[in-house]
file query_38.cif (mmCIF, C-alpha atoms and all ligand atoms)
data_target
#
loop_
_atom_site.label_atom_id
_atom_site.label_comp_id
_atom_site.auth_asym_id
_atom_site.auth_seq_id
_atom_site.Cartn_x
_atom_site.Cartn_y
_atom_site.Cartn_z
CA MET R 25 23.42 363.57 203.82
CA SER R 26 26.94 362.50 202.83
CA SER R 27 29.18 360.56 205.24
CA SER R 28 31.62 363.49 205.25
CA GLU R 29 28.83 365.90 206.25
CA ASN R 30 27.81 363.48 208.96
CA ALA R 31 31.39 363.43 210.29
CA LEU R 32 31.52 367.26 210.22
CA ARG R 33 28.30 367.46 212.21
CA LYS R 34 29.76 365.17 214.89
CA GLU R 35 32.95 367.23 214.97
CA MET R 36 30.95 370.46 215.35
CA VAL R 37 29.02 368.98 218.29
CA PHE R 38 32.32 367.85 219.88
CA ILE R 39 33.88 371.30 219.49
CA GLY R 40 30.76 372.98 220.89
CA LYS R 41 31.09 370.80 223.99
CA GLN R 42 34.78 371.67 224.32
CA MET R 43 33.96 375.39 224.12
CA HIS R 44 31.31 375.02 226.81
CA ASP R 45 33.45 372.81 229.07
CA LYS R 46 36.34 375.25 228.90
CA GLY R 47 34.11 378.22 229.71
CA PHE R 48 34.56 379.92 226.33
CA VAL R 49 30.77 380.31 226.14
CA SER R 50 27.97 380.57 228.70
CA ALA R 51 24.30 379.66 228.25
CA SER R 52 23.51 379.88 224.52
CA ASP R 53 26.47 382.15 223.63
CA GLY R 54 28.69 381.63 220.63
CA ASN R 55 28.31 379.96 217.26
CA ILE R 56 30.17 377.65 214.89
CA ALA R 57 29.92 377.35 211.10
CA CYS R 58 31.44 375.13 208.45
CA ARG R 59 31.25 375.33 204.66
CA VAL R 60 30.65 371.80 203.37
CA SER R 61 30.52 372.76 199.69
CA ASN R 62 30.48 375.93 197.58
CA ASN R 63 26.97 376.94 198.58
CA ARG R 64 26.18 374.77 201.61
CA VAL R 65 26.97 375.84 205.17
CA ILE R 66 26.26 373.99 208.43
CA SER R 67 25.95 376.11 211.56
CA THR R 68 24.85 375.90 215.16
CA PRO R 69 21.23 376.91 215.79
CA SER R 70 20.08 380.06 217.57
CA GLY R 71 19.34 379.89 221.29
CA LYS R 72 20.94 376.52 222.13
CA SER R 73 23.85 375.84 224.45
CA LYS R 74 26.96 374.71 222.56
CA GLY R 75 27.53 372.18 225.34
CA PHE R 76 24.36 370.18 224.70
CA LEU R 77 23.99 369.96 220.92
CA SER R 78 23.32 366.85 218.87
CA PRO R 79 24.15 366.48 215.15
CA GLY R 80 20.45 366.77 214.25
CA ASP R 81 20.21 370.25 215.86
CA LEU R 82 22.49 371.84 213.25
CA VAL R 83 21.06 374.08 210.54
CA VAL R 84 21.98 374.04 206.85
CA THR R 85 21.82 377.25 204.80
CA ASP R 86 23.21 378.49 201.52
CA LEU R 87 25.99 381.07 201.40
CA ASN R 88 23.42 383.89 201.48
CA GLY R 89 21.82 382.58 204.67
CA LYS R 90 18.72 381.00 203.10
CA LYS R 91 17.73 378.00 205.18
CA ILE R 92 17.90 374.64 203.41
CA SER R 93 17.19 372.27 206.28
CA GLY R 94 17.19 371.90 210.08
CA LYS R 95 14.67 372.21 212.89
CA GLY R 96 15.81 375.45 214.51
CA LYS R 97 16.60 378.98 213.38
CA PRO R 98 20.13 379.74 212.13
CA THR R 99 22.37 381.57 214.57
CA SER R 100 21.75 385.32 214.77
CA GLU R 101 25.45 385.88 213.92
CA LEU R 102 25.28 383.74 210.76
CA GLU R 103 26.13 386.76 208.59
CA LEU R 104 29.47 387.12 210.40
CA HIS R 105 30.47 383.60 209.32
CA LEU R 106 29.06 383.87 205.79
CA ALA R 107 30.89 387.15 205.17
CA ALA R 108 34.15 385.47 206.21
CA PHE R 109 33.52 382.52 203.86
CA LYS R 110 32.77 384.88 200.97
CA GLU R 111 35.90 386.93 201.62
CA ARG R 112 38.20 383.97 202.22
CA PRO R 113 37.84 381.02 199.80
CA ASP R 114 40.80 379.42 201.61
CA ILE R 115 38.85 378.80 204.84
CA ARG R 116 36.06 376.36 205.60
CA ALA R 117 35.35 376.84 209.30
CA SER R 118 34.72 379.70 211.72
CA ILE R 119 34.02 380.03 215.42
CA HIS R 120 32.65 382.92 217.48
CA SER R 121 33.06 382.60 221.27
CA HIS R 122 32.79 384.76 224.37
CA ALA R 123 36.15 383.56 225.76
CA PRO R 124 36.33 385.53 229.03
CA PHE R 125 39.97 386.66 229.14
CA ALA R 126 39.88 387.85 225.52
CA VAL R 127 36.72 389.82 226.31
CA ALA R 128 38.15 391.07 229.63
CA CYS R 129 41.25 392.42 227.86
CA SER R 130 39.10 394.39 225.42
CA VAL R 131 36.92 395.75 228.25
CA ALA R 132 39.95 396.74 230.33
CA GLY R 133 41.85 398.18 227.35
CA ILE R 134 44.75 395.70 227.66
CA ASP R 135 46.62 395.85 224.36
CA LEU R 136 46.54 392.41 222.68
CA GLY R 137 48.54 393.89 219.79
CA LYS R 138 51.75 393.67 221.83
CA ILE R 139 54.12 390.93 220.63
CA VAL R 140 55.01 389.14 223.81
CA LEU R 141 54.91 385.35 223.36
CA PRO R 142 56.90 383.64 220.57
CA GLU R 143 54.28 381.03 219.79
CA ALA R 144 51.42 383.55 219.77
CA TYR R 145 53.44 385.69 217.33
CA MET R 146 54.10 382.60 215.20
CA ILE R 147 50.38 381.90 214.82
CA PHE R 148 48.73 385.34 215.08
CA GLY R 149 51.31 388.05 214.58
CA ARG R 150 49.42 390.68 216.53
CA VAL R 151 45.88 390.04 217.75
CA PRO R 152 43.62 392.86 216.52
CA VAL R 153 40.60 394.17 218.42
CA THR R 154 37.84 395.30 216.06
CA PRO R 155 35.57 398.29 216.73
CA TYR R 156 32.49 397.64 218.87
CA ALA R 157 29.41 396.09 217.23
CA THR R 158 26.00 395.47 218.77
CA PRO R 159 25.61 391.66 219.00
CA SER R 160 23.10 390.00 216.63
CA SER R 161 22.42 393.34 214.88
CA GLY R 162 24.23 392.59 211.62
CA GLU R 163 27.08 394.93 212.64
CA SER R 164 29.64 392.18 213.35
CA PRO R 165 30.45 391.43 209.67
CA LYS R 166 30.99 395.18 209.13
CA VAL R 167 33.52 395.61 211.96
CA THR R 168 35.39 392.39 211.10
CA ALA R 169 35.47 392.97 207.31
CA GLU R 170 38.86 394.68 207.12
CA PHE R 171 40.51 392.27 209.56
CA ILE R 172 39.28 389.00 208.06
CA LYS R 173 41.15 389.91 204.84
CA LYS R 174 44.41 389.93 206.80
CA CYS R 175 44.20 387.45 209.66
CA ASP R 176 42.62 384.32 211.10
CA ALA R 177 41.94 385.49 214.66
CA MET R 178 40.53 388.63 216.23
CA VAL R 179 38.68 389.98 219.24
CA ILE R 180 35.40 391.80 218.67
CA ASP R 181 35.50 394.70 221.12
CA ARG R 182 33.75 393.95 224.46
CA HIS R 183 31.98 390.96 222.92
CA GLY R 184 34.02 387.92 221.92
CA THR R 185 36.47 386.19 219.62
CA PHE R 186 36.29 385.23 215.96
CA THR R 187 38.68 382.62 214.57
CA VAL R 188 38.73 380.86 211.22
CA GLY R 189 40.58 377.94 209.67
CA LYS R 190 40.77 375.38 206.91
CA THR R 191 39.11 372.92 209.30
CA LEU R 192 36.88 373.14 212.36
CA MET R 193 39.71 371.88 214.55
CA GLU R 194 42.08 374.52 213.18
CA ALA R 195 39.58 377.32 213.95
CA TYR R 196 39.10 375.85 217.43
CA MET R 197 42.85 375.56 218.12
CA LYS R 198 43.22 379.26 217.26
CA LEU R 199 40.45 380.07 219.74
CA GLU R 200 42.23 378.10 222.51
CA LYS R 201 45.53 379.75 221.72
CA LEU R 202 44.01 383.23 221.57
CA GLU R 203 42.32 382.78 224.95
CA HIS R 204 45.55 381.42 226.47
CA PHE R 205 47.42 384.48 225.17
CA ALA R 206 44.72 386.81 226.54
CA PHE R 207 44.91 385.05 229.93
CA ILE R 208 48.67 385.68 230.12
CA MET R 209 48.26 389.29 229.02
CA PHE R 210 45.56 389.81 231.63
CA ILE R 211 47.59 388.49 234.57
CA CYS R 212 50.74 390.29 233.40
CA SER R 213 48.85 393.56 233.20
CA LEU R 214 48.08 393.21 236.93
CA LYS R 215 51.82 393.31 237.57
CA GLY R 216 52.09 396.31 235.27
CA ARG R 217 55.17 395.37 233.26
CA ILE R 218 55.02 393.66 229.86
CA LYS R 219 58.25 392.53 228.16
CA THR R 220 57.96 392.45 224.36
CA LEU R 221 60.03 390.47 221.85
CA ASN R 222 62.72 392.39 219.98
CA ARG R 223 63.29 392.53 216.23
CA GLN R 224 65.96 389.87 216.17
CA GLN R 225 63.73 387.50 218.13
CA LEU R 226 60.87 388.13 215.71
CA ARG R 227 63.12 387.54 212.69
CA LYS R 228 64.09 384.11 214.03
CA ILE R 229 60.43 383.19 214.55
CA ASP R 230 59.65 384.30 210.97
CA GLU R 231 62.42 381.98 209.73
CA ILE R 232 60.91 379.07 211.65
CA ARG R 233 57.48 379.85 210.16
CA ARG R 234 58.96 379.68 206.68
CA LYS R 235 60.85 376.48 207.47
CA TYR R 236 57.71 374.71 208.68
CA GLY R 237 55.47 376.25 206.02
CA LEU R 238 52.97 377.73 208.50
CA SER R 239 50.15 379.23 206.47
CA THR R 240 47.95 381.02 209.00
CA MET R 241 47.19 384.61 207.98
CA ARG R 242 48.79 386.93 210.51
CA TYR R 243 48.06 390.51 211.43
CA ILE R 244 51.36 392.37 211.65
ZN ZN V 301 28.46 386.71 220.63
#

call {"tool": "encode", "arguments": {"input": "query_38.cif", "output": "structure tokens", "more": "lines below"}}
Ligand SMILES: [Zn+2]
result
Amino acid sequence: MSSSENALRKEMVFIGKQMHDKGFVSASDGNIACRVSNNRVISTPSGKSKGFLSPGDLVVTDLNGKKISGKGKPTSELELHLAAFKERPDIRASIHSHAPFAVACSVAGIDLGKIVLPEAYMIFGRVPVTPYATPSSGESPKVTAEFIKKCDAMVIDRHGTFTVGKTLMEAYMKLEKLEHFAFIMFICSLKGRIKTLNRQQLRKIDEIRRKYGLSTMRYI
């Protein structure tokens, strides 16, 4: 194993613990994957809590899901991650969580597509909610297929989040930001009034994105 793969394994374990500590996953929910080379993917194993992983627990597969090494079984949502890697050569990492406010918004029908917060718009544009898919059934890559072409963050209806990035940390930061946005949308919906940004405000944010060269793929 290369030293860079070793470092990625440690980072994946660290991010799994963050997800668990922050309540983005419960029990053995969620999964993380990272492409280490063209046809080599490290992912979290099936059935293990993301809060208690060690680097040796991770599973290595090829891009078609064939296991190369590791003690456990690959995550049951591996196809979701592999489909994203195949569609998007620009990304290396992906995270699926059950972040509770993101899920709650999709259950309650709170529209995450509203453009409300400047920094959420800067990173995500609008946050799409995909159609429903039965977990671990192979349906998740089908419902996310159209969205992953256009954006780096989405909510899978009544199930969880899916975020991607050039690095594991980037995919994780998008998860944190998405859940923070969903939290604000949830509490604002209790009040019943949501103020959205106007066109001029959005134009200024777009200018700032260009100025700082932000490259996240947004859903507009
Ligand atoms: Zn899930």

call {"tool": "residues_around", "arguments": {"input": "query_38.cif", "residues": "segment 80-96 of chain R", "least_positions_apart": "6", "cutoff": "9 Å", "atoms": "all atoms listed in the file", "output": "compact mmCIF listing (two decimals) with C-alpha atoms, keeping the file's coordinate frame"}}
result
# COMPACT_ATOMS: atom_id res chain seq x y z
CA ARG R 33 28.30 367.46 212.21
CA MET R 36 30.95 370.46 215.35
CA VAL R 37 29.02 368.98 218.29
CA ARG R 59 31.25 375.33 204.66
CA ASN R 62 30.48 375.93 197.58
CA ASN R 63 26.97 376.94 198.58
CA ARG R 64 26.18 374.77 201.61
CA VAL R 65 26.97 375.84 205.17
CA ILE R 66 26.26 373.99 208.43
CA SER R 67 25.95 376.11 211.56
CA THR R 68 24.85 375.90 215.16
CA PRO R 69 21.23 376.91 215.79
CA SER R 70 20.08 380.06 217.57
CA GLY R 71 19.34 379.89 221.29
CA LYS R 72 20.94 376.52 222.13
CA LEU R 102 25.28 383.74 210.76
CA GLU R 103 26.13 386.76 208.59
CA LEU R 106 29.06 383.87 205.79
CA ALA R 107 30.89 387.15 205.17
CA PHE R 109 33.52 382.52 203.86
CA LYS R 110 32.77 384.88 200.97

call {"tool": "residues_near_ligand", "arguments": {"input": "query_38.cif", "ligand": "ligand ZN 301 (chain V)", "cutoff": "8 Å", "atoms": "all atoms listed in the file", "output": "list in words"}}
result
Asp53, Gly54, Asn55, Glu101, His120, Ser121, His122, Pro159, Ser160, His183 and Gly184 of chain R

call {"tool": "write_last_selection", "arguments": {"input": "query_38.cif", "atoms": "C-alpha atoms", "output": "PDB file, keeping the file's coordinate frame"}}
result
ATOM      1  CA  ASP R  53      26.470 382.150 223.630  1.00  0.00           C
ATOM      2  CA  GLY R  54      28.690 381.630 220.630  1.00  0.00           C
ATOM      3  CA  ASN R  55      28.310 379.960 217.260  1.00  0.00           C
ATOM      4  CA  GLU R 101      25.450 385.880 213.920  1.00  0.00           C
ATOM      5  CA  HIS R 120      32.650 382.920 217.480  1.00  0.00           C
ATOM      6  CA  SER R 121      33.060 382.600 221.270  1.00  0.00           C
ATOM      7  CA  HIS R 122      32.790 384.760 224.370  1.00  0.00           C
ATOM      8  CA  PRO R 159      25.610 391.660 219.000  1.00  0.00           C
ATOM      9  CA  SER R 160      23.100 390.000 216.630  1.00  0.00           C
ATOM     10  CA  HIS R 183      31.980 390.960 222.920  1.00  0.00           C
ATOM     11  CA  GLY R 184      34.020 387.920 221.920  1.00  0.00           C
TER      12      GLY R 184
END

call {"tool": "residues_around", "arguments": {"input": "query_38.cif", "residues": "Leu199 of chain R", "least_positions_apart": "6", "cutoff": "10 Å", "atoms": "all atoms listed in the file", "output": "VMD selection string"}}
result
chain R and resid 43 48 118 to 121 123 126 176 to 178 185 to 188 193 205

call {"tool": "atom_distance", "arguments": {"input": "query_38.cif", "atom1": "atom CA of Ala117 of chain R", "atom2": "atom CA of Tyr156 of chain R"}}
result
23.1 Å

call {"tool": "closest_residue", "arguments": {"input": "query_38.cif", "among": "R:Asn222, R:Met146, R:Ile180, R:Lys174", "to": "Leu238 of chain R", "atoms": "all atoms listed in the file"}}
result
R:Met146

call {"tool": "atom_distance", "arguments": {"input": "query_38.cif", "atom1": "atom CA of Leu77 of chain R", "atom2": "atom CA of Arg182 of chain R"}}
result
26.1 Å

call {"tool": "atom_distance", "arguments": {"input": "query_38.cif", "atom1": "atom CA of Phe125 of chain R", "atom2": "atom CA of Phe210 of chain R"}}
result
6.9 Å

call {"tool": "residues_around", "arguments": {"input": "query_38.cif", "residues": "Val151 of chain R", "least_positions_apart": "4", "cutoff": "9 Å", "atoms": "only C-alpha atoms", "output": "PDB file with C-alpha atoms, in the frame of the given file"}}
result
ATOM      1  CA  ASP R 135      46.620 395.850 224.360  1.00  0.00           C
ATOM      2  CA  LEU R 136      46.540 392.410 222.680  1.00  0.00           C
ATOM      3  CA  GLY R 137      48.540 393.890 219.790  1.00  0.00           C
ATOM      4  CA  LYS R 138      51.750 393.670 221.830  1.00  0.00           C
ATOM      5  CA  ILE R 139      54.120 390.930 220.630  1.00  0.00           C
ATOM      6  CA  ALA R 144      51.420 383.550 219.770  1.00  0.00           C
ATOM      7  CA  TYR R 145      53.440 385.690 217.330  1.00  0.00           C
ATOM      8  CA  CYS R 175      44.200 387.450 209.660  1.00  0.00           C
ATOM      9  CA  ALA R 177      41.940 385.490 214.660  1.00  0.00           C
ATOM     10  CA  MET R 178      40.530 388.630 216.230  1.00  0.00           C
ATOM     11  CA  VAL R 179      38.680 389.980 219.240  1.00  0.00           C
ATOM     12  CA  LEU R 202      44.010 383.230 221.570  1.00  0.00           C
ATOM     13  CA  ARG R 242      48.790 386.930 210.510  1.00  0.00           C
ATOM     14  CA  TYR R 243      48.060 390.510 211.430  1.00  0.00           C
ATOM     15  CA  ILE R 244      51.360 392.370 211.650  1.00  0.00           C
TER      16      ILE R 244
END

call {"tool": "closest_residue", "arguments": {"input": "query_38.cif", "among": "R:Gly237, R:Val60, R:Ser78, R:Ala206", "to": "Glu29 of chain R", "atoms": "only C-alpha atoms"}}
result
R:Val60

call {"tool": "residues_around", "arguments": {"input": "query_38.cif", "residues": "Lys34 of chain R", "least_positions_apart": "4", "cutoff": "7 Å", "atoms": "only C-alpha atoms", "output": "list in words"}}
result
Asn30, Phe38 and Pro79 of chain R

call {"tool": "closest_residue", "arguments": {"input": "query_38.cif", "among": "R:Thr158, R:Arg233, R:Thr99, R:Ala128", "to": "Met209 of chain R", "atoms": "all atoms listed in the file"}}
result
R:Ala128

call {"tool": "residues_near_point", "arguments": {"input": "query_38.cif", "point": "(38.4, 369.5, 215.4)", "cutoff": "9 Å", "atoms": "all atoms listed in the file", "output": "list of chain:residue names"}}
result
R:Leu32, R:Glu35, R:Met36, R:Phe38, R:Ile39, R:Thr191, R:Leu192, R:Met193, R:Glu194, R:Ala195, R:Tyr196, R:Met197

call {"tool": "residues_near_point", "arguments": {"input": "query_38.cif", "point": "(37.5, 400.9, 216.3)", "cutoff": "10 Å", "atoms": "only C-alpha atoms", "output": "CSV table (one decimal) with C-alpha atoms, in the coordinates of the input"}}
result
chain,number,residue,atom,x,y,z
R,153,VAL,CA,40.6,394.2,218.4
R,154,THR,CA,37.8,395.3,216.1
R,155,PRO,CA,35.6,398.3,216.7
R,156,TYR,CA,32.5,397.6,218.9
R,157,ALA,CA,29.4,396.1,217.2
R,167,VAL,CA,33.5,395.6,212.0
R,180,ILE,CA,35.4,391.8,218.7
R,181,ASP,CA,35.5,394.7,221.1

call {"tool": "closest_residue", "arguments": {"input": "query_38.cif", "among": "R:Arg112, R:Lys97, R:Lys228, R:Lys198", "to": "Ala169 of chain R", "atoms": "all atoms listed in the file"}}
result
R:Arg112

call {"tool": "closest_residue", "arguments": {"input": "query_38.cif", "among": "R:Pro124, R:Ala132, R:His44, R:Ala108", "to": "Ser213 of chain R", "atoms": "only C-alpha atoms"}}
result
R:Ala132

call {"tool": "build_atoms", "arguments": {"input": "query_38.cif", "residues": "segment 152-184 of chain R", "atoms": "N, CA and C atoms", "output": "CSV table (one decimal), keeping the file's coordinate frame"}}
result
chain,number,residue,atom,x,y,z
R,152,PRO,N,44.4,391.6,216.6
R,152,PRO,CA,43.6,392.9,216.5
R,152,PRO,C,42.3,392.8,217.3
R,153,VAL,N,41.9,394.0,217.8
R,153,VAL,CA,40.6,394.2,218.4
R,153,VAL,C,39.8,395.1,217.5
R,154,THR,N,38.7,394.5,217.0
R,154,THR,CA,37.8,395.3,216.1
R,154,THR,C,37.1,396.4,216.8
R,155,PRO,N,36.5,397.3,216.1
R,155,PRO,CA,35.6,398.3,216.7
R,155,PRO,C,34.4,397.5,217.3
R,156,TYR,N,33.7,398.2,218.2
R,156,TYR,CA,32.5,397.6,218.9
R,156,TYR,C,31.4,397.4,217.8
R,157,ALA,N,30.6,396.3,218.0
R,157,ALA,CA,29.4,396.1,217.2
R,157,ALA,C,28.3,395.6,218.1
R,158,THR,N,27.1,396.0,218.0
R,158,THR,CA,26.0,395.5,218.8
R,158,THR,C,25.8,394.0,218.4
R,159,PRO,N,25.8,393.1,219.3
R,159,PRO,CA,25.6,391.7,219.0
R,159,PRO,C,24.3,391.4,218.3
R,160,SER,N,24.3,390.5,217.3
R,160,SER,CA,23.1,390.0,216.6
R,160,SER,C,22.4,391.1,215.8
R,161,SER,N,23.1,392.2,215.6
R,161,SER,CA,22.4,393.3,214.9
R,161,SER,C,22.8,393.4,213.4
R,162,GLY,N,23.7,392.5,213.0
R,162,GLY,CA,24.2,392.6,211.6
R,162,GLY,C,25.5,393.5,211.5
R,163,GLU,N,25.9,394.0,212.7
R,163,GLU,CA,27.1,394.9,212.6
R,163,GLU,C,28.4,394.2,212.7
R,164,SER,N,28.4,392.9,213.2
R,164,SER,CA,29.6,392.2,213.4
R,164,SER,C,30.4,392.0,212.0
R,165,PRO,N,29.7,391.6,210.9
R,165,PRO,CA,30.4,391.4,209.7
R,165,PRO,C,31.1,392.7,209.2
R,166,LYS,N,30.4,393.9,209.6
R,166,LYS,CA,31.0,395.2,209.1
R,166,LYS,C,32.3,395.5,209.9
R,167,VAL,N,32.3,395.2,211.2
R,167,VAL,CA,33.5,395.6,212.0
R,167,VAL,C,34.7,394.6,211.8
R,168,THR,N,34.3,393.4,211.3
R,168,THR,CA,35.4,392.4,211.1
R,168,THR,C,35.9,392.4,209.7
R,169,ALA,N,35.2,393.1,208.8
R,169,ALA,CA,35.5,393.0,207.3
R,169,ALA,C,36.9,393.2,207.0
R,170,GLU,N,37.5,394.3,207.5
R,170,GLU,CA,38.9,394.7,207.1
R,170,GLU,C,39.9,393.7,207.7
R,171,PHE,N,39.6,393.2,208.9
R,171,PHE,CA,40.5,392.3,209.6
R,171,PHE,C,40.5,390.9,209.0
R,172,ILE,N,39.4,390.4,208.5
R,172,ILE,CA,39.3,389.0,208.1
R,172,ILE,C,40.1,388.8,206.7
R,173,LYS,N,40.3,390.0,206.1
R,173,LYS,CA,41.2,389.9,204.8
R,173,LYS,C,42.6,389.6,205.2
R,174,LYS,N,43.0,389.9,206.4
R,174,LYS,CA,44.4,389.9,206.8
R,174,LYS,C,44.8,388.9,207.8
R,175,CYS,N,43.8,388.4,208.6
R,175,CYS,CA,44.2,387.4,209.7
R,175,CYS,C,43.1,386.5,210.0
R,176,ASP,N,43.5,385.4,210.8
R,176,ASP,CA,42.6,384.3,211.1
R,176,ASP,C,42.0,384.4,212.5
R,177,ALA,N,42.4,385.4,213.3
R,177,ALA,CA,41.9,385.5,214.7
R,177,ALA,C,41.8,386.9,215.1
R,178,MET,N,40.7,387.2,215.8
R,178,MET,CA,40.5,388.6,216.2
R,178,MET,C,39.6,388.6,217.4
R,179,VAL,N,39.6,389.8,218.1
R,179,VAL,CA,38.7,390.0,219.2
R,179,VAL,C,37.7,391.1,218.8
R,180,ILE,N,36.4,390.8,219.0
R,180,ILE,CA,35.4,391.8,218.7
R,180,ILE,C,35.2,392.6,220.0
R,181,ASP,N,35.4,393.9,219.9
R,181,ASP,CA,35.5,394.7,221.1
R,181,ASP,C,34.3,394.5,222.1
R,182,ARG,N,34.7,394.1,223.4
R,182,ARG,CA,33.8,394.0,224.5
R,182,ARG,C,32.7,392.9,224.2
R,183,HIS,N,33.0,392.0,223.3
R,183,HIS,CA,32.0,391.0,222.9
R,183,HIS,C,32.6,389.6,222.9
R,184,GLY,N,33.6,389.3,222.0
R,184,GLY,CA,34.0,387.9,221.9
R,184,GLY,C,35.2,387.8,220.9
